[in-house]
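Beneath this line is the structure, given in structure tokens, with notes to follow.
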Amino acid sequence: MTRLTLLRHAKSSWEHSDLRDIDRPLNARGRRDATLMGLVCEERLPPPDFVLVSPALRTRETIEFFFEAWITAKPEIAVENELYLAGQGDWVQVLSENASRADHILACSHQPGIGNFARWLCRDFDGDVPTAIVISIILDSGSLGKHSGIPDFVGRPKEFRD
């Protein structure tokens, strides 16, 4: 793996308070932002070869809308249970186990884990991590380690909305 792209799930719905956290779907803005960021990434990034996604409904829906828009990308997609509420150790383990599967892996998960992992991996990333953010990272040595990544593209939906 020489490139890792992190995608935080898009905005989820709180309309049904009886749903478990893992079962919350995207809201209308979330669907629009996931689509928008797929279009943005199609213009700015090489397509990922492999995608890891948390089992939460909102992450799986984010990936669905994201890749409906990024039509040139046809990655293999795998649900990874460890990415639901993942801490830094979980991130390192999951990505290390899958690193040989592709040159470019995209992973879709949740806050605060995804932001903390991005800050650990990239010395030069200290920004906020809103819903549907894309953080594409070049892994300088091809391996995961503290400050081993260089942010190549950081995109937030508000930067691209009309």
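Each chain in the structure tokens gets a letter, A, B, ..., in the order shown, and its residues are numbered from 1; ligands are numbered from 1 in order too.
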Within 10 Å of segment 37-50 of chain A, which residues of segment 131-154 of chain A come that close, and what is the closest atom pair and distance in Å for each? Count only C-alpha atoms and give it as CSV.
```
residue,atom,partner,partner_atom,distance
A:Ala132,CA,A:Met37,CA,7.1
A:Ile133,CA,A:Met37,CA,7.9
A:Val134,CA,A:Met37,CA,7.5
A:Ser136,CA,A:Leu45,CA,8.1
A:Asp152,CA,A:Leu45,CA,9.2
A:Phe153,CA,A:Arg44,CA,8.0
```
DSSP on the backbone, then: every residue of segment 7-44 of chain A marked alpha helix (DSSP H), written as a list in words.
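These are the residues in question: Ala28, Arg29, Gly30, Arg31, Arg32, Asp33, Ala34, Thr35, Leu36, Met37, Gly38, Leu39, Val40, Cys41, Glu42, Glu43 and Arg44 of chain A.
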What does the file look like for those residues with N, CA and C atoms, as a PDB file, in the first residue's frame?
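Final file, result38.pdb:
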```pdb
ATOM      1  N   ALA A  28     -30.564  13.378   4.149  1.00  0.00           N
ATOM      2  CA  ALA A  28     -30.517  13.905   2.772  1.00  0.00           C
ATOM      3  C   ALA A  28     -29.196  14.623   2.494  1.00  0.00           C
ATOM      4  N   ARG A  29     -28.727  15.453   3.432  1.00  0.00           N
ATOM      5  CA  ARG A  29     -27.441  16.135   3.235  1.00  0.00           C
ATOM      6  C   ARG A  29     -26.306  15.129   3.137  1.00  0.00           C
ATOM      7  N   GLY A  30     -26.356  14.076   3.941  1.00  0.00           N
ATOM      8  CA  GLY A  30     -25.327  13.049   3.894  1.00  0.00           C
ATOM      9  C   GLY A  30     -25.255  12.376   2.533  1.00  0.00           C
ATOM     10  N   ARG A  31     -26.410  12.061   1.957  1.00  0.00           N
ATOM     11  CA  ARG A  31     -26.429  11.438   0.628  1.00  0.00           C
ATOM     12  C   ARG A  31     -25.848  12.385  -0.416  1.00  0.00           C
ATOM     13  N   ARG A  32     -26.215  13.675  -0.329  1.00  0.00           N
ATOM     14  CA  ARG A  32     -25.675  14.665  -1.277  1.00  0.00           C
ATOM     15  C   ARG A  32     -24.165  14.824  -1.107  1.00  0.00           C
ATOM     16  N   ASP A  33     -23.689  14.910   0.142  1.00  0.00           N
ATOM     17  CA  ASP A  33     -22.258  15.108   0.380  1.00  0.00           C
ATOM     18  C   ASP A  33     -21.434  13.885  -0.028  1.00  0.00           C
ATOM     19  N   ALA A  34     -21.948  12.690   0.206  1.00  0.00           N
ATOM     20  CA  ALA A  34     -21.217  11.490  -0.215  1.00  0.00           C
ATOM     21  C   ALA A  34     -21.086  11.465  -1.739  1.00  0.00           C
ATOM     22  N   THR A  35     -22.152  11.817  -2.430  1.00  0.00           N
ATOM     23  CA  THR A  35     -22.116  11.896  -3.890  1.00  0.00           C
ATOM     24  C   THR A  35     -21.137  12.973  -4.350  1.00  0.00           C
ATOM     25  N   LEU A  36     -21.222  14.146  -3.744  1.00  0.00           N
ATOM     26  CA  LEU A  36     -20.334  15.246  -4.093  1.00  0.00           C
ATOM     27  C   LEU A  36     -18.869  14.852  -3.927  1.00  0.00           C
ATOM     28  N   MET A  37     -18.533  14.234  -2.808  1.00  0.00           N
ATOM     29  CA  MET A  37     -17.131  13.886  -2.563  1.00  0.00           C
ATOM     30  C   MET A  37     -16.655  12.771  -3.494  1.00  0.00           C
ATOM     31  N   GLY A  38     -17.550  11.897  -3.924  1.00  0.00           N
ATOM     32  CA  GLY A  38     -17.185  10.918  -4.950  1.00  0.00           C
ATOM     33  C   GLY A  38     -16.813  11.604  -6.254  1.00  0.00           C
ATOM     34  N   LEU A  39     -17.592  12.607  -6.642  1.00  0.00           N
ATOM     35  CA  LEU A  39     -17.284  13.380  -7.857  1.00  0.00           C
ATOM     36  C   LEU A  39     -15.959  14.124  -7.719  1.00  0.00           C
ATOM     37  N   VAL A  40     -15.740  14.730  -6.559  1.00  0.00           N
ATOM     38  CA  VAL A  40     -14.499  15.468  -6.306  1.00  0.00           C
ATOM     39  C   VAL A  40     -13.299  14.528  -6.395  1.00  0.00           C
ATOM     40  N   CYS A  41     -13.405  13.377  -5.779  1.00  0.00           N
ATOM     41  CA  CYS A  41     -12.280  12.432  -5.776  1.00  0.00           C
ATOM     42  C   CYS A  41     -12.006  11.869  -7.161  1.00  0.00           C
ATOM     43  N   GLU A  42     -13.059  11.681  -7.949  1.00  0.00           N
ATOM     44  CA  GLU A  42     -12.846  11.188  -9.316  1.00  0.00           C
ATOM     45  C   GLU A  42     -11.948  12.143 -10.101  1.00  0.00           C
ATOM     46  N   GLU A  43     -12.061  13.436  -9.838  1.00  0.00           N
ATOM     47  CA  GLU A  43     -11.259  14.438 -10.537  1.00  0.00           C
ATOM     48  C   GLU A  43      -9.849  14.586  -9.971  1.00  0.00           C
ATOM     49  N   ARG A  44      -9.641  14.204  -8.708  1.00  0.00           N
ATOM     50  CA  ARG A  44      -8.393  14.549  -8.026  1.00  0.00           C
ATOM     51  C   ARG A  44      -7.513  13.378  -7.595  1.00  0.00           C
TER      52      ARG A  44
END
```
Can you list, as a ChimeraX atom specification, every protein, DNA or RNA residue that comes within 12 Å of Arg101 of chain A when you count only C-alpha atoms, leaving out same-chain residues fewer than 2 positions away?
/A:1-2,48-52,75-78,94-99,103-106
Any chance you can output those residues with C-alpha atoms as an mmCIF file, in the first residue's frame?
```cif
data_model
loop_
_atom_site.group_PDB
_atom_site.id
_atom_site.type_symbol
_atom_site.label_atom_id
_atom_site.label_comp_id
_atom_site.auth_asym_id
_atom_site.auth_seq_id
_atom_site.Cartn_x
_atom_site.Cartn_y
_atom_site.Cartn_z
ATOM 1 C CA MET A 1 0.000 0.000 0.000
ATOM 2 C CA THR A 2 1.464 3.333 -1.059
ATOM 3 C CA PRO A 48 -8.689 2.901 -4.979
ATOM 4 C CA ASP A 49 -8.187 -0.796 -5.609
ATOM 5 C CA PHE A 50 -9.669 -1.949 -2.319
ATOM 6 C CA VAL A 51 -12.137 -0.466 0.188
ATOM 7 C CA LEU A 52 -12.581 -1.264 3.867
ATOM 8 C CA PRO A 75 -12.812 -1.377 -6.158
ATOM 9 C CA GLU A 76 -13.366 -4.537 -4.216
ATOM 10 C CA ILE A 77 -15.293 -3.588 -1.043
ATOM 11 C CA ALA A 78 -15.048 -5.436 2.260
ATOM 12 C CA VAL A 94 -6.693 -3.711 10.096
ATOM 13 C CA LEU A 95 -4.634 -1.768 7.574
ATOM 14 C CA SER A 96 -1.499 -3.825 8.184
ATOM 15 C CA GLU A 97 -3.478 -7.028 7.610
ATOM 16 C CA ASN A 98 -4.795 -5.668 4.298
ATOM 17 C CA ALA A 99 -1.783 -3.650 3.056
ATOM 18 C CA ASP A 103 -1.559 -0.072 -3.778
ATOM 19 C CA HIS A 104 -4.411 2.301 -2.905
ATOM 20 C CA ILE A 105 -6.778 1.436 -0.052
ATOM 21 C CA LEU A 106 -9.749 3.584 0.942
#
```
Neighbours of segment 125-128 of chain A within 10 Å (only C-alpha atoms; same-chain residues fewer than 5 positions away dropped), as a list in words?
Gly115, Asn116, Ala118, Arg119, Trp120, Ile133, Ile135, Ile137, His147, Gly149, Ile150, Pro151, Val154 and Arg156 of chain A
Test item: residues at most 10 Å from Pro25 of chain A, only C-alpha atoms, excluding those fewer than 5 positions along its chain, as number ranges by chain
A: 10-16, 19, 30-31, 56-62
With C-alpha atoms kept, could you save the residues just selected as a CSV table (one decimal), in the first residue's frame?
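Once everything was written out, this is part_23.csv:
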```
chain,number,residue,atom,x,y,z
A,10,ALA,CA,-21.4,11.4,5.6
A,11,LYS,CA,-24.1,13.1,7.8
A,12,SER,CA,-26.4,10.6,9.5
A,13,SER,CA,-30.0,10.8,10.5
A,14,TRP,CA,-31.2,11.1,14.0
A,15,GLU,CA,-34.9,11.0,12.9
A,16,HIS,CA,-35.5,7.6,14.5
A,19,LEU,CA,-32.4,2.9,16.2
A,30,GLY,CA,-25.3,13.0,3.9
A,31,ARG,CA,-26.4,11.4,0.6
A,56,ALA,CA,-22.5,0.7,10.3
A,57,LEU,CA,-25.3,1.5,7.9
A,58,ARG,CA,-24.2,5.1,7.5
A,59,THR,CA,-20.7,4.1,6.4
A,60,ARG,CA,-22.0,1.5,4.0
A,61,GLU,CA,-24.5,4.0,2.5
A,62,THR,CA,-21.7,6.6,2.3
```
Between A:Ser143, A:Arg20, A:Ile63, A:Arg161, which residue has the minimum interatomic distance to Ser100 of chain A, considering only C-alpha atoms?
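The shortest atom-to-atom distance to Ser100 of chain A comes from A:Ser143.
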For atom CA of Asp140 of chain A and atom CA of Asp124 of chain A, the interatomic separation in Å (one decimal):
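Taking atom CA of Asp140 of chain A and atom CA of Asp124 of chain A, their separation equals 13.2 Å.
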Which of chain A DSSP labels strand (DSSP E), written as a ChimeraX atom specification:
/A:3-8,50-53,76-79,104-109,134-139,149-155
